[in-house]
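Chemist: Below you'll find start_0.pdb; it's PDB, C-alpha atoms and all ligand atoms.
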ATOM      1  CA  MET T   1      13.124  78.530 -88.548  1.00  0.00           C
ATOM      2  CA  ARG T   2      12.287  82.142 -89.281  1.00  0.00           C
ATOM      3  CA  PHE T   3       8.885  83.684 -89.250  1.00  0.00           C
ATOM      4  CA  PRO T   4       7.774  86.711 -91.259  1.00  0.00           C
ATOM      5  CA  VAL T   5       8.273  89.956 -89.380  1.00  0.00           C
ATOM      6  CA  GLY T   6       4.522  90.347 -88.976  1.00  0.00           C
ATOM      7  CA  THR T   7       4.231  86.954 -87.333  1.00  0.00           C
ATOM      8  CA  GLN T   8       7.130  87.665 -85.006  1.00  0.00           C
ATOM      9  CA  GLU T   9       5.518  90.945 -83.938  1.00  0.00           C
ATOM     10  CA  TYR T  10       2.241  89.106 -83.379  1.00  0.00           C
ATOM     11  CA  ALA T  11       3.897  86.290 -81.381  1.00  0.00           C
ATOM     12  CA  SER T  12       5.746  88.786 -79.203  1.00  0.00           C
ATOM     13  CA  ALA T  13       2.503  90.674 -78.583  1.00  0.00           C
ATOM     14  CA  VAL T  14       0.739  87.468 -77.557  1.00  0.00           C
ATOM     15  CA  ARG T  15       3.577  86.578 -75.194  1.00  0.00           C
ATOM     16  CA  ARG T  16       3.401  90.034 -73.632  1.00  0.00           C
ATOM     17  CA  THR T  17      -0.363  89.772 -73.221  1.00  0.00           C
ATOM     18  CA  LEU T  18      -0.062  86.288 -71.688  1.00  0.00           C
ATOM     19  CA  SER T  19       2.172  87.675 -68.971  1.00  0.00           C
ATOM     20  CA  GLN T  20       0.253  90.895 -68.342  1.00  0.00           C
ATOM     21  CA  ASP T  21      -3.431  90.281 -69.041  1.00  0.00           C
ATOM     22  CA  PRO T  22      -4.155  86.652 -69.966  1.00  0.00           C
ATOM     23  CA  ASP T  23      -7.874  87.011 -69.252  1.00  0.00           C
ATOM     24  CA  SER T  24      -8.224  89.371 -72.211  1.00  0.00           C
ATOM     25  CA  ILE T  25      -7.280  86.583 -74.644  1.00  0.00           C
ATOM     26  CA  ALA T  26      -8.571  83.578 -72.706  1.00  0.00           C
ATOM     27  CA  ARG T  27     -11.149  82.655 -75.353  1.00  0.00           C
ATOM     28  CA  TRP T  28      -8.402  82.047 -77.933  1.00  0.00           C
ATOM     29  CA  LEU T  29      -6.001  80.103 -75.730  1.00  0.00           C
ATOM     30  CA  THR T  30      -5.849  76.458 -76.696  1.00  0.00           C
ATOM     31  CA  PRO T  31      -3.302  73.641 -76.467  1.00  0.00           C
ATOM     32  CA  VAL T  32      -4.872  72.122 -79.607  1.00  0.00           C
ATOM     33  CA  CYS T  33      -4.261  73.482 -83.116  1.00  0.00           C
ATOM     34  CA  PRO T  34      -7.556  74.726 -84.649  1.00  0.00           C
ATOM     35  CA  GLU T  35      -6.304  73.742 -88.104  1.00  0.00           C
ATOM     36  CA  CYS T  36      -5.265  70.108 -87.657  1.00  0.00           C
ATOM     37  CA  GLU T  37      -6.837  69.488 -84.243  1.00  0.00           C
ATOM     38  CA  GLU T  38      -3.602  68.013 -82.945  1.00  0.00           C
ATOM     39  CA  LYS T  39      -1.852  68.943 -79.728  1.00  0.00           C
ATOM     40  CA  PRO T  40       1.610  70.043 -80.872  1.00  0.00           C
ATOM     41  CA  VAL T  41       4.731  68.533 -79.417  1.00  0.00           C
ATOM     42  CA  THR T  42       6.866  71.343 -78.065  1.00  0.00           C
ATOM     43  CA  ALA T  43      10.017  69.569 -76.973  1.00  0.00           C
ATOM     44  CA  GLY T  44      11.982  70.824 -79.963  1.00  0.00           C
ATOM     45  CA  PRO T  45      14.329  73.774 -80.170  1.00  0.00           C
ATOM     46  CA  GLY T  46      12.996  77.241 -79.593  1.00  0.00           C
ATOM     47  CA  ILE T  47      13.584  80.479 -81.359  1.00  0.00           C
ATOM     48  CA  THR T  48      14.423  83.614 -79.473  1.00  0.00           C
ATOM     49  CA  THR T  49      12.751  86.942 -79.960  1.00  0.00           C
ATOM     50  CA  ALA T  50      13.338  90.217 -78.198  1.00  0.00           C
ATOM     51  CA  ASP T  51      11.262  89.126 -75.242  1.00  0.00           C
ATOM     52  CA  GLY T  52      12.098  85.502 -74.811  1.00  0.00           C
ATOM     53  CA  LYS T  53      11.901  81.964 -76.011  1.00  0.00           C
ATOM     54  CA  ILE T  54       9.167  80.842 -78.355  1.00  0.00           C
ATOM     55  CA  GLU T  55       8.650  77.174 -79.020  1.00  0.00           C
ATOM     56  CA  TYR T  56       7.599  75.609 -82.292  1.00  0.00           C
ATOM     57  CA  ASP T  57       7.369  72.029 -83.400  1.00  0.00           C
ATOM     58  CA  ARG T  58       8.392  70.232 -86.570  1.00  0.00           C
ATOM     59  CA  TRP T  59       4.998  70.768 -88.195  1.00  0.00           C
ATOM     60  CA  GLY T  60       5.248  74.510 -87.868  1.00  0.00           C
ATOM     61  CA  HIS T  61       3.068  75.145 -84.864  1.00  0.00           C
ATOM     62  CA  LEU T  62       4.235  78.099 -82.846  1.00  0.00           C
ATOM     63  CA  VAL T  63       3.566  77.472 -79.174  1.00  0.00           C
ATOM     64  CA  VAL T  64       3.939  79.982 -76.356  1.00  0.00           C
ATOM     65  CA  ASP T  65       3.620  78.745 -72.781  1.00  0.00           C
ATOM     66  CA  GLY T  66       1.659  75.698 -73.921  1.00  0.00           C
ATOM     67  CA  ASN T  67      -0.758  77.655 -76.087  1.00  0.00           C
ATOM     68  CA  VAL T  68      -0.880  77.263 -79.872  1.00  0.00           C
ATOM     69  CA  VAL T  69      -0.299  80.795 -81.165  1.00  0.00           C
ATOM     70  CA  VAL T  70       0.275  80.056 -84.850  1.00  0.00           C
ATOM     71  CA  GLY T  71      -1.333  77.037 -86.481  1.00  0.00           C
ATOM     72  CA  CYS T  72       0.466  74.679 -88.857  1.00  0.00           C
ATOM     73  CA  GLU T  73      -1.060  76.463 -91.868  1.00  0.00           C
ATOM     74  CA  ALA T  74       0.246  79.783 -90.511  1.00  0.00           C
ATOM     75  CA  PHE T  75      -3.101  80.817 -89.043  1.00  0.00           C
ATOM     76  CA  TRP T  76      -2.946  83.338 -86.198  1.00  0.00           C
ATOM     77  CA  VAL T  77      -4.924  81.710 -83.389  1.00  0.00           C
ATOM     78  CA  VAL T  78      -5.216  84.691 -81.024  1.00  0.00           C
ATOM     79  CA  SER T  79      -6.977  87.862 -82.128  1.00  0.00           C
ATOM     80  CA  PRO T  80      -4.190  90.171 -83.341  1.00  0.00           C
ATOM     81  CA  ALA T  81      -6.314  93.246 -82.727  1.00  0.00           C
ATOM     82  CA  VAL T  82      -6.793  92.353 -79.052  1.00  0.00           C
ATOM     83  CA  VAL T  83      -3.041  91.942 -78.478  1.00  0.00           C
ATOM     84  CA  GLY T  84      -2.350  95.248 -80.198  1.00  0.00           C
ATOM     85  CA  VAL T  85      -1.114  94.282 -83.660  1.00  0.00           C
ATOM     86  CA  ALA T  86      -2.093  97.097 -85.992  1.00  0.00           C
ATOM     87  CA  ASP T  87      -2.046  95.067 -89.192  1.00  0.00           C
ATOM     88  CA  SER T  88      -4.800  92.587 -88.431  1.00  0.00           C
ATOM     89  CA  ALA T  89      -7.111  93.103 -91.401  1.00  0.00           C
ATOM     90  CA  GLY T  90      -8.590  89.895 -92.724  1.00  0.00           C
ATOM     91  CA  TRP T  91      -8.159  87.884 -89.547  1.00  0.00           C
ATOM     92  CA  CYS T  92     -11.158  85.661 -88.905  1.00  0.00           C
ATOM     93  CA  ASP T  93     -12.217  84.427 -85.501  1.00  0.00           C
ATOM     94  CA  TRP T  94     -12.139  80.620 -85.408  1.00  0.00           C
ATOM     95  CA  THR T  95     -14.132  80.534 -82.145  1.00  0.00           C
ATOM     96  CA  GLU T  96     -17.232  82.009 -83.756  1.00  0.00           C
TER      97      GLU T  96
HETATM   98 ZN    ZN T 101      -1.891  72.082 -86.740  1.00  0.00          ZN
END
Would you encode the structure as structure tokens?
Modeler:
Amino acid sequence: MRFPVGTQEYASAVRRTLSQDPDSIARWLTPVCPECEEKPVTAGPGITTADGKIEYDRWGHLVVDGNVVVGCEAFWVVSPAVVGVADSAGWCDWTE
């Protein structure tokens, strides 16, 4: 499975933030997909980016360290602006 470059940049930024400053994104960390309200199964194969393994499941959830980072309808779960992705226009906060 390949993700658009923008999504890969976003996923890598979330992974970096999870390891360095998880408190800054704590409000968006969830093991449950906000789109289908299922807890993704992450036992499948992973994809590898520049900074490590990223897990996804057969429904298209992208899961990093047990947190749903991309929903099954391709929604970015964590605020891209907070993790430093420049192109984050149009993102809406599902926690509000
Ligand atoms: Zn889902």
Chemist: Residues contacting ligand ZN 101 (chain T) - anything with an atom at most 10 Å away, using only C-alpha atoms and all ligand atoms - can you give me those as a ChimeraX atom specification?
Modeler: /T:32-40,57,59-62,68,70-75
Chemist: Between CA of Thr30 (chain T) and CA of Val69 (chain T), measure the distance and give it in Å to one decimal.
Modeler: 8.3 Å
Chemist: Taking into account all atoms listed in the file, which residue in the set T:Val41, T:Val77, T:Thr17, T:Gln8 is nearest to Leu29 (chain T)?
Modeler: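 So, comparing all the options, the nearest one is T:Val77.
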Chemist: Between CA of Tyr10 (chain T) and CA of Val83 (chain T), measure the distance and give it in Å to one decimal.
Modeler: 7.7 Å
Chemist: Just say which residues the PyMOL selection byres (((chain T and resi 92) around 12) and not hetatm) picks in this file, as an NGL selection string.
Modeler: :T and (28 or 75-81 or 88-91 or 93-96)
Chemist: Quick one, how far is CA of Asp21 (chain T) from CA of Gly84 (chain T)?
Modeler: 12.3 Å
Chemist: Box time for region 60-64 of chain T: axis-aligned, enclosing all its listed atoms, 4 Å extra on each side; report centre and edge lengths in Å to one decimal, as AutoDock Vina command-line options.
Modeler:
--center_x 4.2 --center_y 77.2 --center_z -82.1 --size_x 10.2 --size_y 13.5 --size_z 19.5
Chemist: Out of T:Asp87, T:Asn67, T:Ala13, T:Val82, which residue has the shortest atom-to-atom distance to Pro31 (chain T) when counting all atoms listed in the file?
Modeler: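 Looking at the shortest contact to Pro31 (chain T), the residue is T:Asn67.
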